[in-house]
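Peer 1: Encoded as structure tokens, here's the structure I'll be asking about.
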Amino acid sequence: MDLTLWITVGAILALLVMSAFFSGSETALTAASKARMHQLEHEGDRRASVVNRLRDDKEKLIGGLLLGNNTVNILASSLATSVLIQLVGDAGVAYATLGMTLMVLIFSEVLPKTYALRHAERTALFVGRPVRFLVMVFSPVTAAVNVLVSAVLRAFGSSIENVGVQSNIDELRGAIELHRGEDPGDEEEVRHERAMLRSILDLADVEVMEIMTHRRNLVTIDAGQPPARIVQEVLESPFTRLPLWRDDPDNIVGVLHAKALLREVQANGGDLEKLDIGAIAADPWFIPDTTTLFDQLQEFRRRREHFALVVDEYGSLMGIVTLEDILEEIVGDISDEHDIAVAGVRPQPNGTYIVDGWVTIRDLNREFEWRLPDEEASTIAGLVLYEARRIPEVGQTFSFYGFRFEVLRRQRNQITALRITPPADSGDGDDTTRDRGDASASA
């Protein structure tokens with residue numbers, strides 16, 4: 001071969017290297033962890049800042065890389081065809097097509113992209129500055145191409161939209177679900193970590209009515225009783241804050257703090273008859289039952305209070321919610337090894353669970369990583385009633401969402417105890433438990 005052919009072959013090899021650069025850069029810049037790049041930028045890494053700026057405008061980035069990649073691939077194929085035609089005649093077209101396809105596939109696509117996938121962050125930091133320069137050079141062409149693409153999409157009733165906040169939240173939820181411990185023995189700890197992270201994301205979606213202590217379970221005090229009787233009830237109660245009512249249990253007139261009461265008792269020298277319970281009690285704070293946990297947490301912090309009374313749209317008392325309730329919604333209940341993981345739930349040796357009807361679906365899902373829906377009901381008894389579409393009898397069983405529910409006790413029209421048999425794979429977060437399927441019941 002003469003010198004010209006050698007120069008052409010060298011140019012083809014150089015173009016294949018450039019193609020590998022473009023392919024690897026595209027993979028690395030799109031596969032690199034957003035969180036890792038953000039953290040590196042926060043720590044002062046300028047290369048990470050370049051990568052983040054490139055990813056902020058993905059259309060321009062991908063457009064520039066594709067333009068460069070296609071240009072060098074087409075040019076390399078054209079030069080290879082020219083060389084082989086000179087060497088073997090018209091058959092060189094077929095040889096060039098076969099040879100360049102293999103070369104581009106192996107050395108300019110699979111090899112660089114495989115390396116970039118395995119070393120995404122390191123490769124992205126390395127190629128960031130060169131790619132930024134090339135994107136700037138190609139920007140007029142890519143801008144024109146993007147305008148043309150947008151026009152074609154609009155002609156077919158589609159459009160290019162930016163990724164919204166909800167998509168980012170869904171991506172974060174997916175990352176949480178994929179979180180696994182390095183050691184198989186850490187699965188229990190990792191499961192609690194996933195539950196905490198899910199709860200934080202859910203604060204803006206969960207309403208206080210879903211975690212409140214229902215009025216049925218409240219400990220309240222009649223403010224019309226003698227002071228001595230009120231003091232006795234406060235001392236017998238395990239709670240430090242107790243709602244006071246007068247004439248009607250729904251007529252809450254204040255919230256009595258045990259410390260304030262004891263301080264007043266001491267100030268009066270132990271004379272209980274001198275106590276003015278109404279003056280000691282704090283004004284009640286009423287909130288609607290549709291308030292989200294995130295908003296309520298902010299209000300607790302702003303008002304520096306820990307206790308609120310929940311009312312429905314008609315002003316009727318529904319229950320109470322405390323700062324501790326919201327914090328436990330995030331971190332879970334604090335218990336020792338002798339306590340039941342979830343109050344009202346008693347695991348059985350055969351793998352079933354005896355569950356009180358008032359236990360919330362959220363607590364069950366968080367503790368056992370089930371996927372029972374809580375859109376239509378907040379308690380497990382409410383879910384059974386909703387799915388059964390009737391008041392079940394004791395002994396009746398229902399099957400839905402892959403679970404089996406047996407009614408053990410009923411008080412009037414209220415289900416007070418259930419036996420739940422989860423599916424065999426319920427602990428691994430399998431999405432099959434999300435599907436309701438055909439609900440069935442038997443006596």
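Order determines the names: the first chain of the structure tokens is A, the second B, and so forth; residues in each chain are numbered 1 upward, and ligands are numbered 1 upward as they are shown.
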Considering only C-alpha atoms, return as JSON, numbers by chain whatever protein or nucleic-acid residues lie within 12 Å of Met103 of chain A, sequence-local ones (same chain, fewer than 5 positions apart) excluded.
Peer 2: {"A": [12, 13, 15, 16, 17, 19, 20, 73, 76, 77, 80, 95, 96, 97, 98, 108, 109, 110, 111]}
Peer 1: Next, dump the selected residues to file, keeping only N, CA and C atoms, as a JSON list (two decimals), in the first residue's frame.
Peer 2:
[["chain", "number", "residue", "atom", "x", "y", "z"],
["A", 12, "ILE", "N", -8.81, 5.97, 9.99],
["A", 12, "ILE", "CA", -9.94, 5.10, 10.37],
["A", 12, "ILE", "C", -9.78, 4.66, 11.83],
["A", 13, "LEU", "N", -8.56, 4.26, 12.20],
["A", 13, "LEU", "CA", -8.33, 3.84, 13.59],
["A", 13, "LEU", "C", -8.57, 5.00, 14.57],
["A", 15, "LEU", "N", -10.56, 7.52, 14.10],
["A", 15, "LEU", "CA", -12.01, 7.76, 14.17],
["A", 15, "LEU", "C", -12.70, 6.73, 15.05],
["A", 16, "LEU", "N", -12.22, 5.47, 15.01],
["A", 16, "LEU", "CA", -12.81, 4.44, 15.89],
["A", 16, "LEU", "C", -12.53, 4.77, 17.36],
["A", 17, "VAL", "N", -11.34, 5.30, 17.65],
["A", 17, "VAL", "CA", -11.03, 5.71, 19.02],
["A", 17, "VAL", "C", -11.96, 6.84, 19.45],
["A", 19, "SER", "N", -14.93, 7.40, 18.27],
["A", 19, "SER", "CA", -16.25, 6.81, 18.44],
["A", 19, "SER", "C", -16.37, 6.14, 19.81],
["A", 20, "ALA", "N", -15.31, 5.44, 20.21],
["A", 20, "ALA", "CA", -15.31, 4.80, 21.54],
["A", 20, "ALA", "C", -15.41, 5.86, 22.63],
["A", 73, "ASN", "N", -18.40, 7.71, 12.96],
["A", 73, "ASN", "CA", -18.71, 6.36, 12.47],
["A", 73, "ASN", "C", -18.95, 6.35, 10.97],
["A", 76, "ALA", "N", -15.62, 7.04, 9.21],
["A", 76, "ALA", "CA", -14.74, 5.87, 9.24],
["A", 76, "ALA", "C", -15.22, 4.80, 8.26],
["A", 77, "SER", "N", -16.52, 4.57, 8.18],
["A", 77, "SER", "CA", -17.05, 3.57, 7.25],
["A", 77, "SER", "C", -16.81, 3.98, 5.80],
["A", 80, "ALA", "N", -13.12, 3.42, 5.06],
["A", 80, "ALA", "CA", -12.84, 1.99, 4.93],
["A", 80, "ALA", "C", -13.35, 1.44, 3.61],
["A", 95, "TYR", "N", -16.95, -6.13, 2.12],
["A", 95, "TYR", "CA", -15.93, -6.32, 3.14],
["A", 95, "TYR", "C", -15.91, -5.15, 4.14],
["A", 96, "ALA", "N", -16.05, -3.95, 3.61],
["A", 96, "ALA", "CA", -16.03, -2.77, 4.49],
["A", 96, "ALA", "C", -17.23, -2.77, 5.43],
["A", 97, "THR", "N", -18.40, -3.15, 4.89],
["A", 97, "THR", "CA", -19.60, -3.18, 5.74],
["A", 97, "THR", "C", -19.44, -4.18, 6.87],
["A", 98, "LEU", "N", -18.97, -5.40, 6.53],
["A", 98, "LEU", "CA", -18.81, -6.43, 7.55],
["A", 98, "LEU", "C", -17.71, -6.05, 8.54],
["A", 108, "SER", "N", -15.88, 0.17, 19.58],
["A", 108, "SER", "CA", -16.42, 1.52, 19.74],
["A", 108, "SER", "C", -17.75, 1.57, 20.46],
["A", 109, "GLU", "N", -18.35, 0.41, 20.72],
["A", 109, "GLU", "CA", -19.62, 0.38, 21.42],
["A", 109, "GLU", "C", -19.57, -0.50, 22.68],
["A", 110, "VAL", "N", -19.44, -1.81, 22.50],
["A", 110, "VAL", "CA", -19.52, -2.73, 23.64],
["A", 110, "VAL", "C", -18.39, -2.50, 24.63],
["A", 111, "LEU", "N", -17.15, -2.45, 24.15],
["A", 111, "LEU", "CA", -16.01, -2.32, 25.05],
["A", 111, "LEU", "C", -16.05, -1.02, 25.86]]
Peer 1: Give me, as a compact mmCIF listing (two decimals) with N, CA and C atoms, in the first residue's frame, the residues of segment 187-398 of chain A that a backbone DSSP run labels helix (DSSP H, G or I).
Peer 2:
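Heads up, here's the output in selection_4.txt:
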# COMPACT_ATOMS: atom_id res chain seq x y z
N GLU A 187 -29.84 -7.75 57.05
CA GLU A 187 -31.12 -7.53 56.39
C GLU A 187 -32.15 -6.92 57.32
N GLU A 188 -32.16 -7.32 58.58
CA GLU A 188 -33.13 -6.75 59.52
C GLU A 188 -32.88 -5.26 59.71
N GLU A 189 -31.63 -4.89 59.85
CA GLU A 189 -31.29 -3.47 60.00
C GLU A 189 -31.62 -2.69 58.75
N VAL A 190 -31.31 -3.27 57.59
CA VAL A 190 -31.61 -2.59 56.32
C VAL A 190 -33.11 -2.43 56.14
N ARG A 191 -33.88 -3.42 56.57
CA ARG A 191 -35.34 -3.34 56.44
C ARG A 191 -35.88 -2.16 57.24
N HIS A 192 -35.35 -1.94 58.43
CA HIS A 192 -35.78 -0.79 59.23
C HIS A 192 -35.33 0.52 58.59
N GLU A 193 -34.15 0.52 57.98
CA GLU A 193 -33.69 1.73 57.29
C GLU A 193 -34.62 2.07 56.13
N ARG A 194 -35.02 1.06 55.36
CA ARG A 194 -35.93 1.31 54.25
C ARG A 194 -37.27 1.84 54.76
N ALA A 195 -37.75 1.27 55.86
CA ALA A 195 -39.02 1.73 56.42
C ALA A 195 -38.93 3.19 56.86
N MET A 196 -37.83 3.59 57.47
CA MET A 196 -37.66 4.98 57.91
C MET A 196 -37.61 5.92 56.72
N LEU A 197 -36.88 5.55 55.68
CA LEU A 197 -36.76 6.42 54.51
C LEU A 197 -38.10 6.55 53.79
N ARG A 198 -38.84 5.43 53.70
CA ARG A 198 -40.18 5.52 53.09
C ARG A 198 -41.07 6.46 53.89
N SER A 199 -41.01 6.37 55.22
CA SER A 199 -41.87 7.19 56.06
C SER A 199 -41.56 8.67 55.89
N ILE A 200 -40.30 9.03 55.75
CA ILE A 200 -39.94 10.42 55.54
C ILE A 200 -40.56 10.94 54.25
N LEU A 201 -40.49 10.14 53.18
CA LEU A 201 -41.06 10.57 51.90
C LEU A 201 -42.58 10.66 51.97
N ASP A 202 -43.19 9.89 52.87
CA ASP A 202 -44.65 9.85 52.96
C ASP A 202 -45.24 10.95 53.84
N VAL A 208 -53.09 13.24 59.43
CA VAL A 208 -53.01 12.94 60.86
C VAL A 208 -54.07 11.93 61.29
N MET A 209 -55.19 11.87 60.58
CA MET A 209 -56.23 10.92 60.96
C MET A 209 -55.75 9.47 60.84
N GLU A 210 -54.68 9.24 60.04
CA GLU A 210 -54.19 7.89 59.85
C GLU A 210 -53.29 7.43 60.98
N ARG A 215 -60.55 8.67 69.39
CA ARG A 215 -61.25 9.12 70.58
C ARG A 215 -61.72 7.97 71.46
N ARG A 216 -61.94 6.81 70.84
CA ARG A 216 -62.37 5.63 71.59
C ARG A 216 -61.31 5.20 72.61
N ASN A 217 -60.04 5.49 72.29
CA ASN A 217 -58.94 5.07 73.15
C ASN A 217 -58.36 6.21 73.97
N PRO A 227 -61.53 18.90 92.50
CA PRO A 227 -60.09 18.92 92.20
C PRO A 227 -59.36 17.68 92.70
N ALA A 228 -59.73 17.18 93.87
CA ALA A 228 -59.04 16.00 94.40
C ALA A 228 -59.22 14.80 93.49
N ARG A 229 -60.43 14.63 92.95
CA ARG A 229 -60.69 13.52 92.04
C ARG A 229 -59.89 13.68 90.74
N ILE A 230 -59.78 14.91 90.25
CA ILE A 230 -59.02 15.17 89.03
C ILE A 230 -57.55 14.83 89.24
N VAL A 231 -57.01 15.25 90.40
CA VAL A 231 -55.61 14.94 90.70
C VAL A 231 -55.39 13.44 90.76
N GLN A 232 -56.33 12.72 91.36
CA GLN A 232 -56.22 11.27 91.44
C GLN A 232 -56.20 10.63 90.05
N GLU A 233 -57.06 11.09 89.14
CA GLU A 233 -57.12 10.53 87.79
C GLU A 233 -55.84 10.84 87.01
N VAL A 234 -55.28 12.04 87.23
CA VAL A 234 -54.03 12.39 86.56
C VAL A 234 -52.91 11.47 87.03
N LEU A 235 -52.84 11.22 88.34
CA LEU A 235 -51.80 10.36 88.88
C LEU A 235 -51.95 8.92 88.44
N GLU A 236 -53.17 8.49 88.20
CA GLU A 236 -53.41 7.11 87.76
C GLU A 236 -53.17 6.93 86.27
N ALA A 258 -49.60 17.29 83.51
CA ALA A 258 -49.37 16.76 84.86
C ALA A 258 -48.35 17.59 85.62
N LYS A 259 -47.30 18.05 84.94
CA LYS A 259 -46.28 18.84 85.62
C LYS A 259 -46.85 20.16 86.11
N ALA A 260 -47.68 20.81 85.28
CA ALA A 260 -48.29 22.08 85.69
C ALA A 260 -49.22 21.86 86.89
N LEU A 261 -49.94 20.72 86.89
CA LEU A 261 -50.83 20.42 88.00
C LEU A 261 -50.04 20.22 89.29
N LEU A 262 -48.99 19.42 89.23
CA LEU A 262 -48.19 19.15 90.43
C LEU A 262 -47.50 20.42 90.93
N ARG A 263 -47.09 21.28 89.99
CA ARG A 263 -46.47 22.54 90.40
C ARG A 263 -47.48 23.40 91.16
N GLU A 264 -48.75 23.40 90.69
CA GLU A 264 -49.79 24.19 91.35
C GLU A 264 -50.14 23.58 92.71
N VAL A 265 -50.13 22.26 92.81
CA VAL A 265 -50.39 21.60 94.09
C VAL A 265 -49.34 22.00 95.11
N GLN A 266 -48.09 22.03 94.69
CA GLN A 266 -47.02 22.43 95.59
C GLN A 266 -47.16 23.89 95.99
N ALA A 267 -47.54 24.75 95.03
CA ALA A 267 -47.69 26.17 95.34
C ALA A 267 -48.80 26.41 96.36
N LEU A 272 -55.70 20.62 97.98
CA LEU A 272 -56.30 20.35 96.66
C LEU A 272 -57.56 21.16 96.41
N GLU A 273 -58.24 21.55 97.46
CA GLU A 273 -59.49 22.28 97.27
C GLU A 273 -59.27 23.68 96.72
N LYS A 274 -58.05 24.21 96.85
CA LYS A 274 -57.76 25.55 96.33
C LYS A 274 -57.39 25.54 94.86
N ILE A 277 -58.58 24.26 88.37
CA ILE A 277 -58.16 23.40 87.25
C ILE A 277 -58.26 24.16 85.92
N GLY A 278 -59.29 24.96 85.76
CA GLY A 278 -59.45 25.71 84.52
C GLY A 278 -58.31 26.68 84.26
N ALA A 279 -57.76 27.28 85.33
CA ALA A 279 -56.65 28.23 85.16
C ALA A 279 -55.34 27.51 84.86
N ILE A 280 -55.21 26.28 85.36
CA ILE A 280 -53.98 25.52 85.13
C ILE A 280 -53.91 24.99 83.71
N LEU A 293 -48.91 15.07 57.79
CA LEU A 293 -47.91 14.95 58.86
C LEU A 293 -46.79 15.97 58.69
N PHE A 294 -46.43 16.26 57.45
CA PHE A 294 -45.37 17.25 57.23
C PHE A 294 -45.80 18.63 57.73
N ASP A 295 -47.02 19.04 57.37
CA ASP A 295 -47.52 20.35 57.82
C ASP A 295 -47.66 20.38 59.34
N GLN A 296 -48.14 19.28 59.92
CA GLN A 296 -48.33 19.25 61.36
C GLN A 296 -47.00 19.29 62.10
N LEU A 297 -46.01 18.61 61.55
CA LEU A 297 -44.68 18.64 62.16
C LEU A 297 -44.13 20.07 62.17
N GLN A 298 -44.32 20.78 61.06
CA GLN A 298 -43.87 22.17 61.01
C GLN A 298 -44.62 23.04 62.02
N GLU A 299 -45.92 22.78 62.18
CA GLU A 299 -46.70 23.56 63.15
C GLU A 299 -46.28 23.25 64.58
N PHE A 300 -45.99 21.99 64.86
CA PHE A 300 -45.49 21.64 66.19
C PHE A 300 -44.21 22.41 66.50
N ARG A 301 -43.34 22.48 65.54
CA ARG A 301 -42.07 23.19 65.74
C ARG A 301 -42.30 24.68 65.89
N ARG A 302 -43.19 25.23 65.06
CA ARG A 302 -43.43 26.68 65.10
C ARG A 302 -44.08 27.10 66.41
N ARG A 303 -45.07 26.33 66.87
CA ARG A 303 -45.81 26.68 68.09
C ARG A 303 -45.14 26.16 69.36
N LEU A 323 -46.49 15.08 68.90
CA LEU A 323 -45.21 15.11 68.20
C LEU A 323 -44.57 13.73 68.20
N GLU A 324 -44.71 13.03 69.31
CA GLU A 324 -44.15 11.68 69.40
C GLU A 324 -44.77 10.74 68.36
N ASP A 325 -46.07 10.93 68.09
CA ASP A 325 -46.72 10.09 67.09
C ASP A 325 -46.05 10.25 65.73
N ILE A 326 -45.74 11.50 65.36
CA ILE A 326 -45.13 11.76 64.06
C ILE A 326 -43.71 11.24 64.02
N LEU A 327 -42.96 11.44 65.10
CA LEU A 327 -41.59 10.93 65.13
C LEU A 327 -41.57 9.42 65.07
N GLU A 328 -42.51 8.77 65.77
CA GLU A 328 -42.57 7.31 65.71
C GLU A 328 -43.01 6.82 64.34
N GLU A 329 -43.74 7.66 63.62
CA GLU A 329 -44.11 7.30 62.25
C GLU A 329 -42.86 7.20 61.38
N ILE A 330 -41.83 7.94 61.73
CA ILE A 330 -40.58 7.92 60.98
C ILE A 330 -39.66 6.81 61.48
N VAL A 331 -39.38 6.81 62.78
CA VAL A 331 -38.36 5.89 63.32
C VAL A 331 -38.94 4.58 63.81
N ILE A 361 -53.03 -0.10 59.05
CA ILE A 361 -52.40 -0.79 57.92
C ILE A 361 -50.98 -0.30 57.73
N ARG A 362 -50.74 0.99 57.97
CA ARG A 362 -49.41 1.54 57.80
C ARG A 362 -48.41 0.87 58.73
N ASP A 363 -48.82 0.62 59.98
CA ASP A 363 -47.92 -0.04 60.92
C ASP A 363 -47.59 -1.46 60.47
N LEU A 364 -48.59 -2.17 59.96
CA LEU A 364 -48.36 -3.53 59.49
C LEU A 364 -47.44 -3.55 58.27
N ASN A 365 -47.71 -2.64 57.32
CA ASN A 365 -46.88 -2.58 56.12
C ASN A 365 -45.43 -2.24 56.46
N ARG A 366 -45.26 -1.31 57.38
CA ARG A 366 -43.91 -0.87 57.73
C ARG A 366 -43.16 -1.95 58.50
N GLU A 367 -43.84 -2.65 59.41
CA GLU A 367 -43.16 -3.64 60.23
C GLU A 367 -42.84 -4.92 59.45
N PHE A 368 -43.78 -5.36 58.62
CA PHE A 368 -43.61 -6.65 57.94
C PHE A 368 -43.35 -6.51 56.45
N ILE A 380 -56.84 -2.22 59.89
CA ILE A 380 -56.99 -3.52 59.25
C ILE A 380 -58.45 -3.97 59.27
N ALA A 381 -59.19 -3.63 60.33
CA ALA A 381 -60.62 -3.96 60.37
C ALA A 381 -61.37 -3.18 59.29
N GLY A 382 -61.01 -1.93 59.09
CA GLY A 382 -61.64 -1.13 58.06
C GLY A 382 -61.39 -1.69 56.68
N LEU A 383 -60.19 -2.22 56.44
CA LEU A 383 -59.89 -2.81 55.13
C LEU A 383 -60.76 -4.04 54.88
N VAL A 384 -60.93 -4.88 55.90
CA VAL A 384 -61.77 -6.07 55.74
C VAL A 384 -63.22 -5.67 55.46
N LEU A 385 -63.72 -4.67 56.20
CA LEU A 385 -65.08 -4.21 55.97
C LEU A 385 -65.24 -3.65 54.56
N TYR A 386 -64.24 -2.90 54.11
CA TYR A 386 -64.31 -2.30 52.77
C TYR A 386 -64.33 -3.38 51.68
N GLU A 387 -63.47 -4.39 51.84
CA GLU A 387 -63.40 -5.42 50.82
C GLU A 387 -64.59 -6.39 50.89
N ALA A 388 -65.08 -6.65 52.11
CA ALA A 388 -66.19 -7.60 52.26
C ALA A 388 -67.52 -6.99 51.83
Peer 1: Measuring atom to atom with only C-alpha atoms, identify which of A:Val137, A:Ser33, A:Gly63, A:Ser25 is nearest to Ala116 of chain A.
Peer 2: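 Checking each of A:Val137, A:Ser33, A:Gly63, A:Ser25 against Ala116 of chain A, counting only C-alpha atoms, the winner is A:Ser25.
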Peer 1: Skipping near chain neighbours, those fewer than 5 positions away, what residues fall within 8 Å of Ala28 of chain A using only C-alpha atoms, listed as JSON, numbers by chain?
Peer 2: {"A": [113, 116, 117, 119, 120, 121, 123, 124]}
Peer 1: Quick one: pull the distance between atom CA of Thr4 of chain A and atom CA of Gln86 of chain A, Å, one decimal.
Peer 2: 11.5 Å
Peer 1: So that I can check the surroundings of Gln414 of chain A, please list as a list in words every protein, DNA and RNA residue that reaches within 9 Å of it, counting only C-alpha atoms and ignoring chain neighbours fewer than 4 positions away.
Peer 2: Gly357, Ala381, Ile391, Arg409 and Arg410 of chain A
Peer 1: Go through A:Glu177, A:Glu305, A:Asp289, A:Asp312 one by one, measure the shortest atom-to-atom distance of each to Val255 of chain A using only C-alpha atoms, and give the residue with the smallest value.
Peer 2: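 Ranked by minimum distance to Val255 of chain A, first place goes to A:Glu305.
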Peer 1: Choose the residue, out of A:Tyr314, A:Tyr401, A:Phe133, A:Trp245, that has the smallest atom-to-atom separation from Ala281 of chain A; count only C-alpha atoms.
Peer 2: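 Result for the nearest residue to Ala281 of chain A: A:Trp245.
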Peer 1: With only C-alpha atoms as the basis for distance, which of A:Ser78, A:Ser49, A:Thr360, A:Asn69 is at the shortest distance from Val9 of chain A?
Peer 2: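 Of all the options, A:Ser78 lies closest to Val9 of chain A.
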